[in-house]
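The next block is work.cif, given as mmCIF, C-alpha atoms and all ligand atoms.
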```cif
data_data
loop_
_atom_site.label_atom_id
_atom_site.label_comp_id
_atom_site.auth_asym_id
_atom_site.auth_seq_id
_atom_site.Cartn_x
_atom_site.Cartn_y
_atom_site.Cartn_z
CA MET A 1 0.00 0.00 0.00
CA ARG A 2 1.23 3.46 -0.91
CA VAL A 3 0.76 6.50 1.29
CA ALA A 4 0.10 9.62 -0.78
CA ARG A 5 0.44 13.06 0.78
CA THR A 6 -0.29 15.18 -2.29
CA VAL A 7 -3.07 15.54 -4.85
CA ALA A 8 -0.54 14.96 -7.63
CA GLU A 9 0.59 11.61 -6.15
CA VAL A 10 -3.00 10.30 -5.88
CA ARG A 11 -3.84 11.40 -9.41
CA ALA A 12 -0.74 9.68 -10.80
CA ALA A 13 -1.50 6.42 -8.94
CA VAL A 14 -5.15 6.42 -10.06
CA ALA A 15 -4.21 7.22 -13.68
CA GLU A 16 -1.81 4.26 -13.69
CA ALA A 17 -4.47 1.90 -12.29
CA ARG A 18 -7.08 3.11 -14.76
CA ALA A 19 -4.65 2.70 -17.67
CA ARG A 20 -4.42 -1.01 -16.88
CA GLY A 21 -8.22 -1.27 -16.80
CA ALA A 22 -8.96 -1.22 -13.06
CA THR A 23 -12.13 0.36 -11.70
CA ILE A 24 -11.49 2.78 -8.84
CA GLY A 25 -13.19 2.43 -5.45
CA PHE A 26 -12.96 5.23 -2.90
CA VAL A 27 -13.63 5.38 0.86
CA PRO A 28 -13.46 8.85 2.44
CA THR A 29 -12.70 8.81 6.20
CA MET A 30 -11.40 10.86 9.09
CA GLY A 31 -9.26 7.98 10.36
CA TYR A 32 -8.98 6.25 13.75
CA PHE A 33 -10.20 3.14 11.99
CA HIS A 34 -12.67 0.63 13.44
CA GLU A 35 -14.65 -2.23 11.89
CA GLY A 36 -17.13 0.25 10.34
CA HIS A 37 -14.35 1.81 8.26
CA LEU A 38 -12.78 -1.56 7.51
CA SER A 39 -16.07 -3.03 6.25
CA LEU A 40 -16.26 -0.21 3.68
CA MET A 41 -12.64 -0.76 2.63
CA ARG A 42 -13.15 -4.52 2.24
CA GLN A 43 -16.27 -3.98 0.15
CA SER A 44 -14.41 -1.56 -2.12
CA VAL A 45 -11.49 -3.97 -2.46
CA ALA A 46 -13.92 -6.79 -3.36
CA GLU A 47 -15.75 -4.71 -5.97
CA ASN A 48 -12.90 -2.75 -7.61
CA GLY A 49 -9.47 -3.32 -9.06
CA PHE A 50 -8.02 -0.38 -7.16
CA THR A 51 -9.05 1.17 -3.83
CA VAL A 52 -8.17 4.61 -2.49
CA VAL A 53 -8.93 5.55 1.14
CA SER A 54 -8.64 9.15 2.24
CA LEU A 55 -7.73 9.97 5.82
CA TYR A 56 -8.37 13.62 6.49
CA VAL A 57 -9.91 15.36 9.49
CA ASN A 58 -11.65 18.11 7.55
CA PRO A 59 -11.67 21.41 9.50
CA LEU A 60 -14.45 22.79 7.30
CA GLN A 61 -17.02 20.40 8.80
CA PHE A 62 -16.29 21.30 12.44
CA ALA A 63 -17.77 24.38 14.12
CA PRO A 64 -15.32 26.41 16.24
CA THR A 65 -16.91 24.97 19.41
CA GLU A 66 -16.55 21.35 18.26
CA ASP A 67 -13.89 18.65 18.72
CA LEU A 68 -11.53 19.27 15.76
CA ALA A 69 -8.43 19.57 17.99
CA GLN A 70 -9.29 16.52 20.14
CA TYR A 71 -10.47 14.26 17.30
CA PRO A 72 -8.61 10.94 17.87
CA ARG A 73 -5.69 10.21 15.56
CA ASP A 74 -3.33 7.21 15.20
CA PHE A 75 -1.71 7.27 11.79
CA GLU A 76 0.57 4.23 12.18
CA ARG A 77 -2.27 1.97 13.31
CA ASP A 78 -4.53 3.29 10.52
CA ARG A 79 -1.82 2.67 7.94
CA ARG A 80 -1.41 -0.94 9.11
CA LEU A 81 -5.19 -1.65 9.17
CA ALA A 82 -5.76 -0.16 5.71
CA ALA A 83 -2.88 -2.19 4.27
CA GLU A 84 -4.32 -5.36 5.86
CA ALA A 85 -7.72 -4.59 4.31
CA GLY A 86 -6.10 -4.58 0.86
CA VAL A 87 -6.22 -0.83 0.20
CA ASP A 88 -3.92 0.35 -2.62
CA VAL A 89 -3.45 4.01 -1.73
CA LEU A 90 -3.97 5.80 1.57
CA PHE A 91 -4.36 9.49 0.77
CA ALA A 92 -3.45 11.47 3.90
CA PRO A 93 -3.03 15.12 2.96
CA ASP A 94 -2.33 17.94 5.41
CA ASP A 95 -4.43 21.11 5.65
CA ALA A 96 -2.08 23.04 3.35
CA GLU A 97 -2.58 20.46 0.60
CA MET A 98 -6.40 20.52 0.89
CA TYR A 99 -6.83 24.24 1.64
CA PRO A 100 -3.69 26.06 0.42
CA ASP A 101 -5.00 29.43 1.67
CA GLY A 102 -6.62 27.98 4.80
CA PRO A 103 -10.10 26.45 5.16
CA GLN A 104 -11.70 29.82 5.86
CA ALA A 105 -10.36 31.18 2.55
CA GLN A 106 -12.32 28.51 0.65
CA ARG A 107 -14.78 30.61 -1.37
CA THR A 108 -16.56 27.82 -3.19
CA VAL A 109 -18.96 25.79 -1.09
CA VAL A 110 -21.25 22.97 -2.15
CA SER A 111 -24.53 23.03 -0.26
CA VAL A 112 -27.38 20.53 -0.51
CA ARG A 113 -30.13 22.85 0.61
CA GLY A 114 -32.86 21.73 2.96
CA LEU A 115 -31.41 18.29 3.63
CA ASN A 116 -28.44 20.00 5.32
CA ALA A 117 -30.65 21.87 7.81
CA VAL A 118 -32.65 19.09 9.51
CA LEU A 119 -31.69 16.37 12.04
CA CYS A 120 -27.93 16.85 12.69
CA GLY A 121 -28.07 20.09 10.66
CA ARG A 122 -30.13 21.76 13.41
CA SER A 123 -27.36 21.55 16.01
CA ARG A 124 -24.54 21.58 13.41
CA PRO A 125 -25.72 24.18 10.85
CA THR A 126 -22.41 24.38 8.93
CA HIS A 127 -21.46 20.71 9.16
CA PHE A 128 -22.94 19.23 5.99
CA ASP A 129 -21.72 22.05 3.74
CA GLY A 130 -18.24 21.24 5.04
CA VAL A 131 -18.80 17.58 4.22
CA THR A 132 -20.20 18.13 0.72
CA THR A 133 -17.45 20.62 -0.10
CA VAL A 134 -14.61 18.32 0.95
CA VAL A 135 -16.23 15.27 -0.68
CA THR A 136 -16.53 17.27 -3.92
CA LYS A 137 -12.84 18.09 -3.71
CA LEU A 138 -11.97 14.47 -2.96
CA PHE A 139 -14.16 13.18 -5.81
CA HIS A 140 -12.34 15.53 -8.19
CA ILE A 141 -8.95 14.45 -6.85
CA VAL A 142 -9.59 10.69 -6.87
CA ALA A 143 -12.16 10.46 -9.71
CA PRO A 144 -13.56 7.15 -8.42
CA ASP A 145 -16.06 4.91 -10.19
CA ARG A 146 -17.64 3.95 -6.86
CA ALA A 147 -17.56 5.61 -3.44
CA TYR A 148 -18.49 3.92 -0.16
CA PHE A 149 -20.32 5.43 2.80
CA GLY A 150 -21.77 4.00 6.02
CA GLN A 151 -25.45 4.02 6.95
CA LYS A 152 -24.25 5.06 10.42
CA ASP A 153 -24.22 8.58 8.94
CA TYR A 154 -27.54 8.14 7.11
CA GLN A 155 -28.14 11.86 6.55
CA GLN A 156 -24.62 12.30 5.17
CA ALA A 157 -25.06 9.42 2.71
CA LEU A 158 -28.44 10.77 1.58
CA ILE A 159 -26.96 14.25 1.06
CA ILE A 160 -24.01 12.85 -0.92
CA ARG A 161 -26.39 10.81 -3.11
CA ARG A 162 -28.42 13.94 -3.79
CA MET A 163 -25.30 16.00 -4.55
CA VAL A 164 -24.08 13.36 -7.01
CA ARG A 165 -27.45 13.38 -8.74
CA ASP A 166 -27.87 17.17 -8.77
CA LEU A 167 -24.31 17.85 -10.02
CA ASN A 168 -23.92 14.84 -12.37
CA PHE A 169 -20.89 13.35 -10.65
CA PRO A 170 -19.86 10.22 -12.59
CA VAL A 171 -19.67 8.10 -9.43
CA GLU A 172 -21.83 5.34 -8.01
CA ILE A 173 -22.60 5.76 -4.31
CA ARG A 174 -22.73 2.59 -2.23
CA VAL A 175 -24.05 2.62 1.34
CA ALA A 176 -23.06 -0.16 3.75
CA PRO A 177 -24.83 -1.32 6.95
CA ILE A 178 -23.98 -0.05 10.43
CA VAL A 179 -21.30 -2.11 12.20
CA ARG A 180 -22.02 -2.41 15.94
CA GLU A 181 -20.26 -3.48 19.14
CA PRO A 182 -21.62 -6.71 20.68
CA ASP A 183 -23.90 -4.65 22.99
CA GLY A 184 -25.39 -2.75 20.05
CA LEU A 185 -23.45 0.52 20.27
CA ALA A 186 -22.68 1.75 16.75
CA MET A 187 -18.93 1.85 16.20
CA SER A 188 -17.58 5.38 16.02
CA SER A 189 -14.19 7.02 16.37
CA ARG A 190 -15.84 9.29 18.94
CA ASN A 191 -16.59 6.32 21.24
CA ALA A 192 -12.96 6.81 22.33
CA TYR A 193 -14.13 9.91 24.26
CA LEU A 194 -16.45 7.88 26.53
CA THR A 195 -15.61 7.24 30.20
CA PRO A 196 -16.41 3.68 31.38
CA GLU A 197 -19.71 4.94 32.90
CA GLN A 198 -20.71 6.76 29.72
CA ARG A 199 -19.69 3.74 27.62
CA ALA A 200 -21.95 1.54 29.76
CA ALA A 201 -24.90 3.90 29.19
CA ALA A 202 -24.40 4.56 25.45
CA PRO A 203 -26.08 1.36 24.13
CA VAL A 204 -29.40 2.97 25.15
CA LEU A 205 -29.43 4.56 21.68
CA HIS A 206 -29.58 1.22 19.92
CA ARG A 207 -31.90 -0.26 22.55
CA ALA A 208 -34.36 2.61 22.14
CA LEU A 209 -34.25 2.30 18.33
CA SER A 210 -34.75 -1.47 18.46
CA GLU A 211 -37.68 -1.24 20.85
CA ALA A 212 -39.29 1.56 18.78
CA ALA A 213 -38.85 -0.53 15.63
CA ALA A 214 -40.49 -3.51 17.35
CA ARG A 215 -43.47 -1.32 18.31
CA ILE A 216 -43.87 -0.18 14.70
CA ARG A 217 -43.67 -3.75 13.43
CA ALA A 218 -46.27 -4.73 16.03
CA GLY A 219 -48.70 -2.18 14.62
CA GLU A 220 -47.87 1.23 16.12
CA ARG A 221 -48.75 3.86 13.48
CA ASP A 222 -48.56 7.08 15.51
CA ALA A 223 -45.12 8.61 14.85
CA GLY A 224 -45.65 11.07 17.71
CA ARG A 225 -45.89 8.22 20.20
CA VAL A 226 -42.75 6.61 18.76
CA ARG A 227 -40.89 9.94 19.01
CA ALA A 228 -42.01 10.37 22.62
CA PHE A 229 -40.90 6.83 23.46
CA LEU A 230 -37.43 7.44 21.95
CA ARG A 231 -37.05 10.77 23.74
CA GLU A 232 -38.16 9.43 27.11
CA THR A 233 -36.01 6.29 26.89
CA ILE A 234 -32.83 8.14 25.94
CA SER A 235 -33.39 11.03 28.35
CA ALA A 236 -33.90 8.58 31.23
CA ALA A 237 -30.49 6.95 30.69
CA PRO A 238 -27.67 8.04 33.00
CA HIS A 239 -25.08 10.41 31.47
CA ALA A 240 -27.25 11.01 28.36
CA ARG A 241 -28.27 14.46 27.11
CA LEU A 242 -30.68 14.13 24.20
CA ASP A 243 -30.03 16.22 21.08
CA TYR A 244 -32.87 14.84 18.95
CA ALA A 245 -35.02 11.79 18.33
CA GLU A 246 -37.07 11.86 15.13
CA VAL A 247 -39.28 9.72 12.93
CA VAL A 248 -38.85 10.92 9.35
CA ASP A 249 -39.36 10.02 5.71
CA PRO A 250 -36.18 8.15 4.59
CA ASP A 251 -35.96 10.12 1.31
CA THR A 252 -36.94 13.67 2.31
CA LEU A 253 -36.11 13.58 6.06
CA GLU A 254 -39.45 15.32 6.65
CA ASP A 255 -41.41 14.53 9.80
CA VAL A 256 -43.92 11.71 9.54
CA ASP A 257 -47.27 11.82 11.35
CA THR A 258 -48.87 8.50 10.50
CA ILE A 259 -46.55 5.61 9.69
CA GLN A 260 -47.73 4.13 6.39
CA GLY A 261 -44.48 3.12 4.66
CA PRO A 262 -40.80 2.86 5.57
CA VAL A 263 -39.57 5.40 8.11
CA LEU A 264 -36.16 6.40 9.41
CA LEU A 265 -35.72 6.51 13.19
CA ALA A 266 -32.82 8.87 13.87
CA VAL A 267 -31.31 9.86 17.23
CA ALA A 268 -28.42 11.92 18.59
CA ALA A 269 -27.31 12.40 22.18
CA TYR A 270 -24.35 13.69 24.13
CA PHE A 271 -22.57 11.41 26.59
CA GLY A 272 -20.12 13.77 28.24
CA ARG A 273 -18.27 15.46 25.38
CA ALA A 274 -19.08 12.70 22.87
CA ARG A 275 -21.97 13.44 20.55
CA LEU A 276 -23.19 10.06 19.32
CA ILE A 277 -25.69 9.34 16.53
CA ASP A 278 -27.57 6.24 15.48
CA ASN A 279 -30.47 5.33 13.22
CA MET A 280 -32.67 2.51 11.98
CA LEU A 281 -34.79 2.06 8.87
CA VAL A 282 -38.13 0.40 9.67
CA SER A 283 -40.92 -0.88 7.47
CA PRO A 284 -44.31 -1.31 9.11
P1 LIG B 301 -15.68 8.90 9.59
O1 LIG B 301 -14.22 8.54 9.63
O2 LIG B 301 -16.34 8.87 10.92
O3 LIG B 301 -15.93 10.18 8.81
O4 LIG B 301 -16.41 7.75 8.77
C1 LIG B 301 -15.99 7.38 7.48
C2 LIG B 301 -17.03 6.50 6.85
O5 LIG B 301 -17.23 5.34 7.65
C3 LIG B 301 -18.40 7.19 6.73
O6 LIG B 301 -18.98 6.85 5.48
C4 LIG B 301 -19.16 6.60 7.88
O7 LIG B 301 -20.56 6.56 7.66
C5 LIG B 301 -18.60 5.19 7.92
N1 LIG B 301 -18.82 4.60 9.25
C6 LIG B 301 -18.49 5.16 10.45
N2 LIG B 301 -18.89 4.36 11.46
C7 LIG B 301 -19.51 3.29 10.89
C8 LIG B 301 -20.16 2.12 11.39
N3 LIG B 301 -20.25 1.88 12.71
N4 LIG B 301 -20.69 1.25 10.52
C9 LIG B 301 -20.61 1.49 9.17
N5 LIG B 301 -20.00 2.56 8.64
C10 LIG B 301 -19.47 3.45 9.47
#
```

Could the structure of this file be written out as structure tokens, please?
Amino acid sequence: MRVARTVAEVRAAVAEARARGATIGFVPTMGYFHEGHLSLMRQSVAENGFTVVSLYVNPLQFAPTEDLAQYPRDFERDRRLAAEAGVDVLFAPDDAEMYPDGPQAQRTVVSVRGLNAVLCGRSRPTHFDGVTTVVTKLFHIVAPDRAYFGQKDYQQALIIRRMVRDLNFPVEIRVAPIVREPDGLAMSSRNAYLTPEQRAAAPVLHRALSEAAARIRAGERDAGRVRAFLRETISAAPHARLDYAEVVDPDTLEDVDTIQGPVLLAVAAYFGRARLIDNMLVSP
């Protein structure tokens, strides 16, 4: 596996692979790899002749009050895990390579309106524009045939799909299932922030989602009651501070009143300084 630090190095490696007929798979990440990341890498390796993984903690998607400086990093471990997963190029640029004049000097921003303002967009109003802008840059740098995202960040994947459609990106978006710890907690680099007590409480997110899904499958059709159940269950857990719990349309992210077709259950809560998210798609 090659480590590329510059845009020029990645482009040269991809051009070489394409010249010998390989399709290009791409997995954008912020590093501190866990099984969620590795599942995406393995899928890309299985489906493409050449896989590029980017490792970049993108300042543009963090608000000044958020955890950019503390975000966990372990480059040597990440390099080893990506190599073991069969990745061909690990693209790990620094800020100067991605934003030569600084992230705040970036004048061009890609914004998927509406979808960027609900759910996580309410408490993180600039987050998704940071994501879509950096993913646009990365798509132009790597020029992949397929790009892989996790359902863990359902809203992000939906927004990227919409961006690709609206702007005619020649890339196929693949979304892979959420990888969980044995007790149900969705794997996340931010789980590293949790104290043992917070870690013990955090599976409430998955428990609440599972129980709400069971109620819907058993005939519950009132989304308001499902929302209330999610909110009460999460708020009652020790160390949890609820951000949101919603029942929305999986395509538009608009609130649902009566559950008639598939719905997305989406939750976010703080456990200490860790803001954790989780979701579940449910069909009645
Ligand atoms: P991140 O490094 O957190 O930006 O995540 C990089 C990619 O991995 C994103 O597409 C995430 O949705 C995906 N991902 C993160 N956690 C998980 C998980 N537990 N299961 C599946 N995919 C995940």

Discussion item. Let me make sure I understand: among A:Phe128, A:Pro262, A:Arg113, A:Val57, which one has the smallest atom-to-atom distance to Pro72 of chain A if we use only C-alpha atoms?
Written reply: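 Nearest candidate to Pro72 of chain A out of A:Phe128, A:Pro262, A:Arg113, A:Val57: A:Val57.
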
Fill in: Selected residue of minimal separation from ligand LIG 301 (chain B) among A:Ala274, A:Ala237, A:Leu185, A:Val7, counting only C-alpha atoms and all ligand atoms
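Nearest candidate to ligand LIG 301 (chain B) out of A:Ala274, A:Ala237, A:Leu185, A:Val7: A:Leu185.
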
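Computed from the coordinates, the atom CA of Met163 of chain A to atom CA of Asn116 of chain A distance equals 11.1 Å.
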
Discussion item. My list of candidates is A:His37, A:Arg221, A:His127, A:Arg215. Which is closest to ligand LIG 301 (chain B) when distances are computed with all atoms listed in the file?
Written reply: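 Counting all atoms listed in the file, the residue closest to ligand LIG 301 (chain B) is A:His37.
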
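Take atom CA of Val248 of chain A and atom CA of Asp222 of chain A: the distance between them is 12.1 Å.
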
Protein and nucleic acid residues within 8 Å of ligand LIG 301 (chain B) (only C-alpha atoms and all ligand atoms) as a short mmCIF file (atom, residue, chain, number, x, y, z; two decimals) with C-alpha atoms, in the frame of the given file:
```cif
data_model
loop_
_atom_site.label_atom_id
_atom_site.label_comp_id
_atom_site.auth_asym_id
_atom_site.auth_seq_id
_atom_site.Cartn_x
_atom_site.Cartn_y
_atom_site.Cartn_z
CA VAL A 27 -13.63 5.38 0.86
CA PRO A 28 -13.46 8.85 2.44
CA THR A 29 -12.70 8.81 6.20
CA MET A 30 -11.40 10.86 9.09
CA GLY A 31 -9.26 7.98 10.36
CA TYR A 32 -8.98 6.25 13.75
CA PHE A 33 -10.20 3.14 11.99
CA HIS A 34 -12.67 0.63 13.44
CA GLU A 35 -14.65 -2.23 11.89
CA GLY A 36 -17.13 0.25 10.34
CA HIS A 37 -14.35 1.81 8.26
CA SER A 39 -16.07 -3.03 6.25
CA LEU A 40 -16.26 -0.21 3.68
CA LEU A 55 -7.73 9.97 5.82
CA VAL A 57 -9.91 15.36 9.49
CA TYR A 148 -18.49 3.92 -0.16
CA PHE A 149 -20.32 5.43 2.80
CA GLY A 150 -21.77 4.00 6.02
CA GLN A 151 -25.45 4.02 6.95
CA LYS A 152 -24.25 5.06 10.42
CA ASP A 153 -24.22 8.58 8.94
CA TYR A 154 -27.54 8.14 7.11
CA GLN A 156 -24.62 12.30 5.17
CA ALA A 157 -25.06 9.42 2.71
CA VAL A 175 -24.05 2.62 1.34
CA ALA A 176 -23.06 -0.16 3.75
CA PRO A 177 -24.83 -1.32 6.95
CA ILE A 178 -23.98 -0.05 10.43
CA VAL A 179 -21.30 -2.11 12.20
CA ARG A 180 -22.02 -2.41 15.94
CA ALA A 186 -22.68 1.75 16.75
CA MET A 187 -18.93 1.85 16.20
CA SER A 188 -17.58 5.38 16.02
CA SER A 189 -14.19 7.02 16.37
#
```

Worksheet item: What is the atom CA of Gly121 of chain A-atom CA of Leu230 of chain A distance in Å, reported with one decimal?
Response: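 Distance between the two atoms: 19.4 Å.
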
Fill in: Residue nearest Pro125 of chain A among A:Leu60, A:Ala83, A:Val89, A:Leu167 (counting all atoms listed in the file)
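Comparing A:Leu60, A:Ala83, A:Val89, A:Leu167 against Pro125 of chain A, the winner is A:Leu60.
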
Worksheet entry | Best match for closeness to Pro203 of chain A among A:Pro238, A:Pro170, A:Gly224, A:Pro103, counting only C-alpha atoms | A:Pro238
